>>> print(open('structure09.txt').read())   # compact mmCIF, C-alpha atoms
# COMPACT_ATOMS: atom_id res chain seq x y z
CA MET A 57 9.83 -23.27 13.49
CA LYS A 58 12.44 -20.92 12.10
CA VAL A 59 12.54 -17.21 11.32
CA TYR A 60 14.58 -15.90 8.40
CA LYS A 61 15.51 -12.39 7.43
CA LEU A 62 15.37 -11.85 3.69
CA GLU A 63 17.36 -8.89 2.38
CA LEU A 64 16.48 -7.77 -1.14
CA GLU A 65 18.74 -5.51 -3.21
CA VAL A 66 17.48 -4.16 -6.52
CA GLU A 67 19.95 -4.86 -9.34
CA THR A 68 17.91 -3.59 -12.32
CA PRO A 69 15.12 -0.98 -12.14
CA LEU A 70 12.09 -2.33 -10.29
CA VAL A 71 8.48 -1.48 -11.20
CA ILE A 72 5.47 -2.75 -9.25
CA THR A 73 2.23 -1.17 -10.44
CA GLU A 74 -1.30 -1.65 -9.18
CA ASP A 75 -2.96 -0.49 -12.41
CA GLN A 76 -1.78 0.35 -15.92
CA THR A 77 -3.82 2.89 -17.89
CA THR A 78 -1.21 4.25 -20.32
CA ASN A 79 2.20 3.28 -21.66
CA VAL A 80 3.80 5.03 -18.70
CA LEU A 81 4.36 2.54 -15.89
CA ARG A 82 5.24 4.03 -12.52
CA ASN A 83 6.15 2.13 -9.38
CA SER A 84 3.10 2.78 -7.23
CA VAL A 85 3.80 0.89 -3.99
CA SER A 86 5.96 1.76 -1.00
CA TYR A 87 6.74 -1.87 -0.12
CA ILE A 88 7.00 -5.26 -1.80
CA SER A 89 4.02 -7.39 -0.80
CA GLY A 90 4.46 -10.77 0.82
CA SER A 91 2.60 -12.39 -2.07
CA ALA A 92 5.08 -10.92 -4.57
CA VAL A 93 8.03 -12.24 -2.55
CA ARG A 94 6.37 -15.63 -2.15
CA GLY A 95 5.55 -15.94 -5.84
CA SER A 96 9.03 -14.96 -6.97
CA LEU A 97 10.71 -17.38 -4.55
CA LEU A 98 8.52 -20.32 -5.55
CA THR A 99 9.15 -19.48 -9.23
CA TYR A 100 12.90 -19.49 -8.53
CA LEU A 101 12.65 -22.88 -6.83
CA TYR A 102 10.61 -24.35 -9.69
CA ASN A 103 12.52 -22.86 -12.64
CA GLU A 104 16.08 -22.59 -11.37
CA LYS A 105 16.34 -25.31 -8.72
CA LYS A 106 13.92 -27.76 -10.40
CA LYS A 107 12.20 -28.36 -7.07
CA ASN A 108 8.75 -29.85 -6.58
CA ILE A 109 6.76 -27.08 -4.86
CA ASP A 110 3.38 -28.83 -4.92
CA GLN A 111 3.47 -29.45 -1.17
CA GLU A 112 3.96 -25.75 -0.40
CA ILE A 113 1.20 -24.79 -2.83
CA ASN A 114 -1.31 -27.33 -1.48
CA ASP A 115 -0.31 -27.13 2.20
CA PRO A 116 1.50 -23.81 2.72
CA LYS A 117 3.81 -23.50 5.72
CA LEU A 118 5.85 -20.46 4.67
CA VAL A 119 4.55 -17.02 5.66
CA PHE A 120 6.13 -14.10 3.80
CA HIS A 121 6.00 -10.67 5.40
CA PRO A 122 5.97 -7.52 3.26
CA ALA A 123 9.43 -6.17 2.45
CA TYR A 124 10.03 -2.58 3.56
CA LEU A 125 12.69 -0.17 2.41
CA ILE A 126 16.05 -0.12 4.23
CA ILE A 127 17.82 3.23 4.61
CA GLY A 128 21.30 2.77 6.03
CA GLU A 129 20.74 0.24 8.80
CA GLU A 130 17.17 1.36 9.56
CA ILE A 131 14.01 -0.34 8.30
CA THR A 132 11.15 1.96 7.32
CA ARG A 133 7.61 1.48 8.55
CA PRO A 134 4.16 2.86 7.54
CA ALA A 135 3.13 5.83 9.67
CA HIS A 136 -0.04 5.47 11.73
CA PRO A 137 -2.92 7.97 11.29
CA LEU A 138 -1.91 10.12 14.29
CA ILE A 139 1.56 10.96 13.01
CA PHE A 140 1.58 14.43 11.47
CA SER A 141 3.80 16.76 9.49
CA CYS A 142 3.70 20.54 9.08
CA LYS A 143 3.08 22.09 5.65
CA LEU A 144 4.89 25.31 6.56
CA CYS A 145 8.04 24.02 8.29
CA THR A 146 11.06 24.13 6.00
CA GLU A 147 12.77 21.36 7.95
CA ASP A 148 11.51 17.82 8.40
CA SER A 149 8.86 18.29 11.11
CA ILE A 150 7.09 15.04 11.99
CA PHE A 151 5.46 14.44 15.35
CA THR A 152 2.65 12.71 17.21
CA GLU A 153 0.63 13.57 20.30
CA LEU A 154 -0.50 9.97 20.84
CA SER A 155 0.38 8.96 24.39
CA LYS A 156 -0.39 6.46 27.12
CA GLU A 157 -2.66 8.98 28.86
CA ILE A 158 -4.71 9.58 25.69
CA ILE A 159 -5.16 5.85 25.06
CA ILE A 160 -6.21 5.12 28.64
CA SER A 161 -8.63 8.07 28.73
CA ARG A 162 -9.80 7.26 25.18
CA ASN A 163 -9.72 10.97 24.36
CA VAL A 164 -8.30 10.68 20.85
CA SER A 165 -9.26 14.25 19.96
CA LYS A 166 -6.31 15.43 22.08
CA ALA A 167 -3.98 13.61 19.71
CA ILE A 168 -5.15 15.69 16.73
CA PRO A 169 -3.06 18.88 16.77
CA THR A 170 -4.14 22.34 15.68
CA LYS A 171 -0.54 23.49 15.37
CA CYS A 172 2.91 22.00 14.90
CA PRO A 173 5.63 22.09 17.60
CA LYS A 174 6.94 25.34 16.06
CA GLY A 175 3.56 27.02 16.40
CA HIS A 176 2.21 27.02 12.83
CA LEU A 177 -1.58 27.02 13.19
CA PHE A 178 -3.83 24.75 11.08
CA ALA A 179 -0.92 23.61 8.88
CA THR A 180 -0.67 19.97 9.93
CA LYS A 181 -1.54 16.93 7.87
CA SER A 182 -1.59 13.22 8.67
CA LYS A 183 1.30 11.10 7.41
CA GLY A 184 -0.81 7.96 7.79
CA GLY A 185 0.40 5.17 5.52
CA GLU A 186 3.52 7.02 4.32
CA LEU A 187 6.99 5.60 4.89
CA ILE A 188 8.86 6.89 7.93
CA ILE A 189 11.83 5.99 10.09
CA GLU A 190 11.21 5.65 13.84
CA ARG A 191 13.96 6.12 16.40
CA LYS A 192 13.85 5.82 20.16
CA GLY A 193 14.42 9.19 21.81
CA THR A 194 15.03 10.05 25.45
CA ASN A 195 11.36 10.54 26.32
CA LYS A 196 9.50 9.73 23.11
CA LYS A 197 10.02 8.50 19.59
CA ILE A 198 11.71 10.59 16.94
CA PHE A 199 10.34 10.39 13.40
CA LYS A 200 11.94 11.06 10.03
CA SER A 201 10.10 11.16 6.72
CA VAL A 202 11.14 9.08 3.72
CA LYS A 203 10.72 10.49 0.21
CA LEU A 204 10.41 7.55 -2.14
CA ASP A 205 10.93 9.89 -5.13
CA ASN A 206 14.62 10.06 -4.16
CA TYR A 207 14.90 6.38 -5.13
CA TYR A 208 13.31 6.62 -8.58
CA THR A 209 14.88 6.42 -11.99
CA SER A 210 13.27 6.85 -15.43
CA ILE A 211 13.89 4.60 -18.42
CA ASP A 212 12.27 4.01 -21.83
CA SER A 213 11.57 0.73 -23.60
CA ILE A 214 10.79 0.25 -27.29
CA GLY A 215 9.17 -2.84 -28.75
CA ILE A 216 10.66 -3.93 -32.10
CA ASN A 217 8.74 -5.81 -34.79
CA ARG A 218 11.00 -8.78 -35.56
CA LYS A 219 9.75 -9.15 -39.14
CA LEU A 220 9.93 -5.48 -40.14
CA GLY A 221 12.83 -4.54 -37.90
CA SER A 222 11.07 -1.31 -36.94
CA VAL A 223 9.32 0.11 -33.92
CA GLU A 224 6.06 -1.69 -33.10
CA VAL A 225 3.12 0.71 -33.00
CA GLY A 226 1.86 1.19 -29.45
CA MET A 227 4.92 -0.54 -27.96
CA ILE A 228 6.84 2.48 -26.66
CA TYR A 229 6.91 2.40 -22.84
CA SER A 230 8.27 4.70 -20.19
CA TYR A 231 9.07 3.32 -16.75
CA VAL A 232 9.42 5.25 -13.50
CA ALA A 233 11.16 2.62 -11.44
CA LEU A 234 13.04 2.11 -8.19
CA SER A 235 16.76 2.51 -8.77
CA PRO A 236 19.38 -0.22 -8.50
CA LYS A 237 21.03 -0.52 -5.06
CA THR A 238 17.69 0.13 -3.32
CA LYS A 239 17.32 -2.36 -0.44
CA PHE A 240 14.37 -3.97 1.29
CA MET A 241 13.99 -6.26 4.30
CA SER A 242 11.39 -8.98 4.83
CA LEU A 243 10.76 -11.87 7.21
CA ILE A 244 9.97 -15.46 6.30
CA PHE A 245 8.33 -17.62 8.96
CA ASP A 246 9.06 -21.28 8.26
CA GLN A 247 6.69 -23.38 10.36
CA ASP A 248 7.88 -26.77 9.14
CA GLU A 249 11.54 -26.26 8.12
CA ARG A 250 10.42 -26.31 4.52
CA LEU A 251 13.19 -24.03 3.29
CA SER A 252 15.72 -26.64 4.37
CA GLU A 253 13.75 -29.36 2.59
CA LEU A 254 13.67 -27.27 -0.59
CA ASP A 255 17.42 -26.63 -0.31
CA VAL A 256 17.09 -22.86 -0.69
CA ASP A 257 20.44 -21.14 -1.27
CA ARG A 258 21.60 -18.36 1.03
CA GLU A 259 21.97 -16.01 -1.94
CA PHE A 260 19.99 -16.10 -5.18
CA MET A 261 18.29 -13.97 -7.84
CA LEU A 262 14.57 -13.19 -7.85
CA TYR A 263 12.46 -11.56 -10.55
CA ILE A 264 9.82 -9.20 -9.18
CA GLY A 265 7.39 -6.75 -10.76
CA ARG A 266 6.78 -5.67 -14.35
CA GLY A 267 9.11 -6.16 -17.31
CA ALA A 268 11.25 -8.99 -15.94
CA SER A 269 11.57 -10.41 -19.48
CA ARG A 270 12.92 -7.01 -20.57
CA GLY A 271 15.60 -7.01 -17.90
CA LEU A 272 13.68 -5.16 -15.21
CA GLY A 273 13.01 -6.31 -11.64
CA HIS A 274 16.14 -8.39 -11.09
CA VAL A 275 16.54 -8.49 -7.32
CA ARG A 276 19.37 -10.17 -5.42
CA ALA A 277 18.16 -11.94 -2.28
CA LYS A 278 20.15 -12.91 0.82
CA LEU A 279 18.61 -15.30 3.32
CA ASN A 280 19.81 -15.55 6.92
CA GLU A 281 18.25 -17.36 9.86
CA ASP A 282 17.57 -15.20 12.93
CA SER A 283 17.68 -17.75 15.75
CA LYS A 284 17.17 -15.08 18.44
CA PHE A 285 14.19 -13.33 16.84
CA ILE A 286 11.45 -15.00 18.89
CA ASP A 287 13.18 -14.47 22.25
CA ASN A 288 14.03 -10.86 21.44
CA GLU A 289 10.49 -10.18 20.23
CA ILE A 290 8.94 -11.68 23.37
CA ASN A 291 11.02 -9.32 25.50
CA ARG A 292 10.15 -6.34 23.29
CA ILE A 293 6.38 -6.83 23.27
CA LYS A 294 6.28 -7.68 26.98
CA ALA A 295 7.92 -4.34 27.80
CA ALA A 296 5.65 -2.47 25.36
CA ILE A 297 2.45 -3.99 26.80
CA GLU A 298 3.42 -3.51 30.44
CA ASN A 299 4.36 0.11 29.72
CA LEU A 300 0.81 0.68 28.40
CA ASP A 301 -0.92 -0.90 31.42
CA ARG A 302 -1.62 -4.07 29.42
CA ILE A 303 -3.07 -2.35 26.36
CA VAL A 304 -1.86 -3.93 23.12
CA ILE A 305 -1.49 -1.85 19.95
CA LEU A 306 -1.11 -3.69 16.66
CA ARG A 307 0.12 -1.87 13.56
CA ALA A 308 -0.79 -3.20 10.11
CA LEU A 309 2.18 -3.92 7.83
CA SER A 310 -0.06 -5.22 5.05
CA PRO A 311 -3.73 -4.81 4.12
CA VAL A 312 -5.91 -6.16 6.95
CA PHE A 313 -9.41 -7.56 6.59
CA HIS A 314 -11.81 -10.14 7.96
CA VAL A 315 -14.08 -12.01 5.56
CA GLU A 316 -17.56 -13.26 6.38
CA ILE A 317 -20.30 -14.93 4.34
CA LYS A 318 -23.54 -12.94 4.51
CA ASN A 319 -26.80 -12.77 2.59
CA ASP A 320 -27.45 -9.85 0.25
CA LEU A 321 -30.80 -8.10 -0.25
CA ASN A 322 -31.97 -10.93 -2.49
CA GLY A 323 -31.04 -13.58 0.04
CA ASN A 324 -28.03 -14.79 -1.92
CA ALA A 325 -24.85 -15.66 -0.04
CA CYS A 326 -21.90 -13.38 -0.75
CA LEU A 327 -18.47 -12.59 0.64
CA CYS A 328 -18.19 -9.43 2.73
CA SER A 329 -15.01 -7.93 4.13
CA ASN A 330 -14.34 -5.36 6.82
CA PRO A 331 -11.22 -3.88 8.46
CA THR A 332 -11.26 -6.03 11.59
CA LEU A 333 -9.42 -9.09 12.83
CA ALA A 334 -11.03 -12.45 13.45
CA THR A 335 -11.22 -12.75 17.24
CA GLN A 336 -10.71 -16.51 17.11
CA SER A 337 -7.29 -15.96 15.52
CA MET A 338 -6.11 -13.71 18.34
CA SER A 339 -3.80 -14.88 21.08
CA ASN A 340 -5.61 -16.06 24.23
CA GLY A 341 -5.97 -13.23 26.71
CA LEU A 342 -6.78 -10.39 24.29
CA SER A 343 -10.11 -8.58 24.03
CA GLU A 344 -11.09 -5.61 21.87
CA TYR A 345 -10.39 -2.18 23.37
CA PRO A 346 -12.81 0.36 21.80
CA LEU A 347 -11.04 3.67 21.36
CA VAL A 348 -13.39 5.72 19.17
CA GLU A 349 -17.08 5.02 19.82
CA ASP A 350 -17.43 1.23 19.46
CA LYS A 351 -14.44 0.72 17.15
CA ASN A 352 -11.08 -0.60 18.30
CA TYR A 353 -9.14 0.65 15.29
CA LEU A 354 -7.81 3.82 13.66
CA LEU A 355 -7.40 3.52 9.89
CA THR A 356 -4.98 5.14 7.47
CA GLY A 357 -7.54 4.35 4.78
CA MET A 358 -9.13 1.46 2.91
CA SER A 359 -7.59 -0.55 0.10
CA LYS A 360 -9.07 -3.05 -2.34
CA VAL A 361 -7.59 -6.52 -2.59
CA SER A 362 -8.37 -8.52 -5.70
CA GLY A 363 -6.81 -10.98 -8.11
CA PHE A 364 -7.25 -12.41 -11.59
CA SER A 365 -7.91 -16.03 -12.47
CA THR A 366 -5.74 -17.31 -15.30
CA ILE A 367 -8.01 -20.37 -15.52
CA SER A 368 -11.40 -18.68 -15.94
CA ASN A 369 -9.86 -15.49 -17.40
CA ILE A 370 -12.06 -13.29 -15.18
CA PRO A 371 -11.29 -11.11 -12.13
CA LYS A 372 -11.58 -12.71 -8.70
CA VAL A 373 -13.78 -11.29 -5.96
CA SER A 374 -12.66 -7.89 -4.65
CA LEU A 375 -12.28 -7.40 -0.89
CA GLU A 376 -11.71 -4.24 1.13
CA GLY A 377 -9.30 -3.93 4.02
CA ALA A 378 -7.43 -1.49 6.20
CA LYS A 379 -4.30 0.03 4.68
CA PRO A 380 -0.81 -0.49 6.19
CA GLY A 381 -0.17 1.82 9.13
CA SER A 382 -3.66 1.30 10.62
CA LEU A 383 -3.73 0.67 14.37
CA PHE A 384 -5.78 -1.93 16.27
CA PHE A 385 -6.26 -1.78 20.05
CA TYR A 386 -6.73 -4.63 22.52
CA LYS A 387 -6.73 -5.14 26.27
CA SER A 388 -4.70 -8.06 27.57
CA SER A 389 -5.22 -10.21 30.63
CA TYR A 390 -2.44 -10.83 33.14
CA ASP A 391 -1.97 -14.38 31.85
CA LEU A 392 -1.33 -13.27 28.26
CA ASP A 393 0.73 -15.83 26.34
CA TYR A 394 3.50 -13.65 24.88
CA GLU A 395 4.98 -16.52 22.89
CA LYS A 396 1.63 -17.13 21.17
CA LEU A 397 1.31 -13.41 20.43
CA VAL A 398 4.71 -13.49 18.72
CA TYR A 399 3.52 -16.55 16.81
CA ASN A 400 0.52 -14.48 15.63
CA GLU A 401 2.89 -11.72 14.52
CA LEU A 402 4.91 -14.19 12.48
CA SER A 403 2.10 -16.36 11.09
CA GLY A 404 -0.42 -13.57 10.53
CA PHE A 405 -3.69 -12.79 12.27
CA GLY A 406 -6.30 -14.95 10.61
CA GLN A 407 -7.29 -15.40 7.00
CA PHE A 408 -5.11 -15.05 3.92
CA SER A 409 -1.80 -14.62 5.76
CA TYR A 410 -0.19 -17.08 3.34
CA SER A 411 -1.08 -14.58 0.60
CA GLY A 412 0.76 -11.80 2.44
CA PHE A 413 -2.27 -10.19 4.13
CA ASN A 414 -3.19 -9.66 7.80
CA ILE A 415 0.43 -9.16 8.88
CA LEU A 416 0.68 -6.93 11.96
CA GLU A 417 3.25 -6.13 14.63
CA VAL A 418 2.99 -4.94 18.23
CA TYR A 419 3.52 -1.17 18.19
CA GLU A 420 5.54 0.66 20.83
CA LEU A 421 4.72 4.22 21.79
>>> encode(input="structure09.txt", output="structure tokens")
Amino acid sequence: MKVYKLELEVETPLVITEDQTTNVLRNSVSYISGSAVRGSLLTYLYNEKKKNIDQEINDPKLVFHPAYLIIGEEITRPAHPLIFSCKLCTEDSIFTELSKEIIISRNVSKAIPTKCPKGHLFATKSKGGELIIERKGTNKKIFKSVKLDNYYTSIDSIGINRKLGSVEVGMIYSYVALSPKTKFMSLIFDQDERLSELDVDREFMLYIGRGASRGLGHVRAKLNEDSKFIDNEINRIKAAIENLDRIVILRALSPVFHVEIKNDLNGNACLCSNPTLATQSMSNGLSEYPLVEDKNYLLTGMSKVSGFSTISNIPKVSLEGAKPGSLFFYKSSYDLDYEKLVYNELSGFGQFSYSGFNILEVYEL
């Protein structure tokens, strides 16, 4: 098993859109999904390196984590639902009242402020799901907001009719894209040393998002093994869990959902999804810790996950899951296997992790 850090640097404007309704395409995501990174890397191996990737497609061993924006040397993260900002403060005012005492007492209402630290009443709003930078302070974390609009550029594209040599009707596009030099960081968990087998270079070009054939979405990738990641992560999560009296907080870095087969009103079997984690996929020694009523999670919202079949030419089933930034709470036993918990972080918690979903990390207060 090996862990790699994958640094991505945008070389030409990058556009990743969830939906397109007009000829204006705007980058609509705050991170690059693990599935997008996986697809672009396998395409590179097949087209550029002429590698046989059938084994990885049929028996996947590579888990791609979502790539989050790098600012300076700091990696951004999605804010959880109990991080707030003030609408009236002129300066960047981001804070949270979530604490060990609130989690142990399960009195979450105390973590919902009526005023900001500067005293502005009823002017706070949740930053849940938005990009932030977290720094360790003397007594508690310090937060800084990230405005993705600062990294956008606007370009136009015109389709030309090759026969007439004129503008093609309906083929004038405007793109609001991430600017060149924007950087992202992702992790790749290689469970079977497959990257070595596929002879992946340490630096290569990927094509991600919309308009790659028009010169958009060219992203330079740098791959470096992090041989100390697992040991460092074991020490980090052990300290975080012991500091919380053996309560484990998991923060979603990707959409999170658990899928079950149930019968509908007509008795027909159908797929149902909900924003939970499959308990059988959890590390031994963890049990759900209900925080609000009977639920062990706080959500930043719900997102739909769906695909499109190029074979049948119809949409695939749509599933609903918790948005990135959502928190999940568990109680650990004293014989918790920290190494297995790190393995869960790297490999994903349950279903569809090879598609970039159900990726979570242990959160430190």
>>> residues_around(input="structure09.txt", residues="Val256 in chain A", least_positions_apart="3", cutoff="10 Å", atoms="all atoms listed in the file", output="compact mmCIF listing (two decimals) with C-alpha atoms, in the coordinates of the input")
# COMPACT_ATOMS: atom_id res chain seq x y z
CA LEU A 97 10.71 -17.38 -4.55
CA TYR A 100 12.90 -19.49 -8.53
CA LEU A 101 12.65 -22.88 -6.83
CA LYS A 105 16.34 -25.31 -8.72
CA LYS A 107 12.20 -28.36 -7.07
CA ARG A 250 10.42 -26.31 4.52
CA LEU A 251 13.19 -24.03 3.29
CA SER A 252 15.72 -26.64 4.37
CA GLU A 253 13.75 -29.36 2.59
CA GLU A 259 21.97 -16.01 -1.94
CA PHE A 260 19.99 -16.10 -5.18
CA LEU A 279 18.61 -15.30 3.32
>>> closest_residue(input="structure09.txt", among="A:Pro236, A:Gly175, A:Gly265, A:Pro122", to="Ile72 in chain A", atoms="only C-alpha atoms")
A:Gly265
>>> atom_distance(input="structure09.txt", atom1="CA of Gly377 in chain A", atom2="CA of Ser329 in chain A")
7.0 Å
>>> residues_around(input="structure09.txt", residues="Phe199 in chain A", least_positions_apart="2", cutoff="9 Å", atoms="only C-alpha atoms", output="VMD selection string")
chain A and resid 139 149 to 152 188 to 192 197 201
>>> closest_residue(input="structure09.txt", among="A:Arg133, A:His176, A:His314, A:Lys387", to="Ser343 in chain A", atoms="all atoms listed in the file")
A:Lys387
>>> closest_residue(input="structure09.txt", among="A:Asn280, A:Thr180, A:Ser230, A:Ser96", to="Ile244 in chain A", atoms="all atoms listed in the file")
A:Asn280
>>> residues_around(input="structure09.txt", residues="range 348-353 of chain A", least_positions_apart="2", cutoff="9 Å", atoms="all atoms listed in the file", output="ChimeraX atom specification")
/A:162-164,331-332,344-346,355,382-386
>>> atom_distance(input="structure09.txt", atom1="CA of Phe245 in chain A", atom2="CA of Ser89 in chain A")
14.8 Å
>>> atom_distance(input="structure09.txt", atom1="CA of Ser283 in chain A", atom2="CA of Asn114 in chain A")
27.4 Å
>>> closest_residue(input="structure09.txt", among="A:Val275, A:Ala308, A:Leu421, A:Leu64", to="Leu154 in chain A", atoms="all atoms listed in the file")
A:Leu421
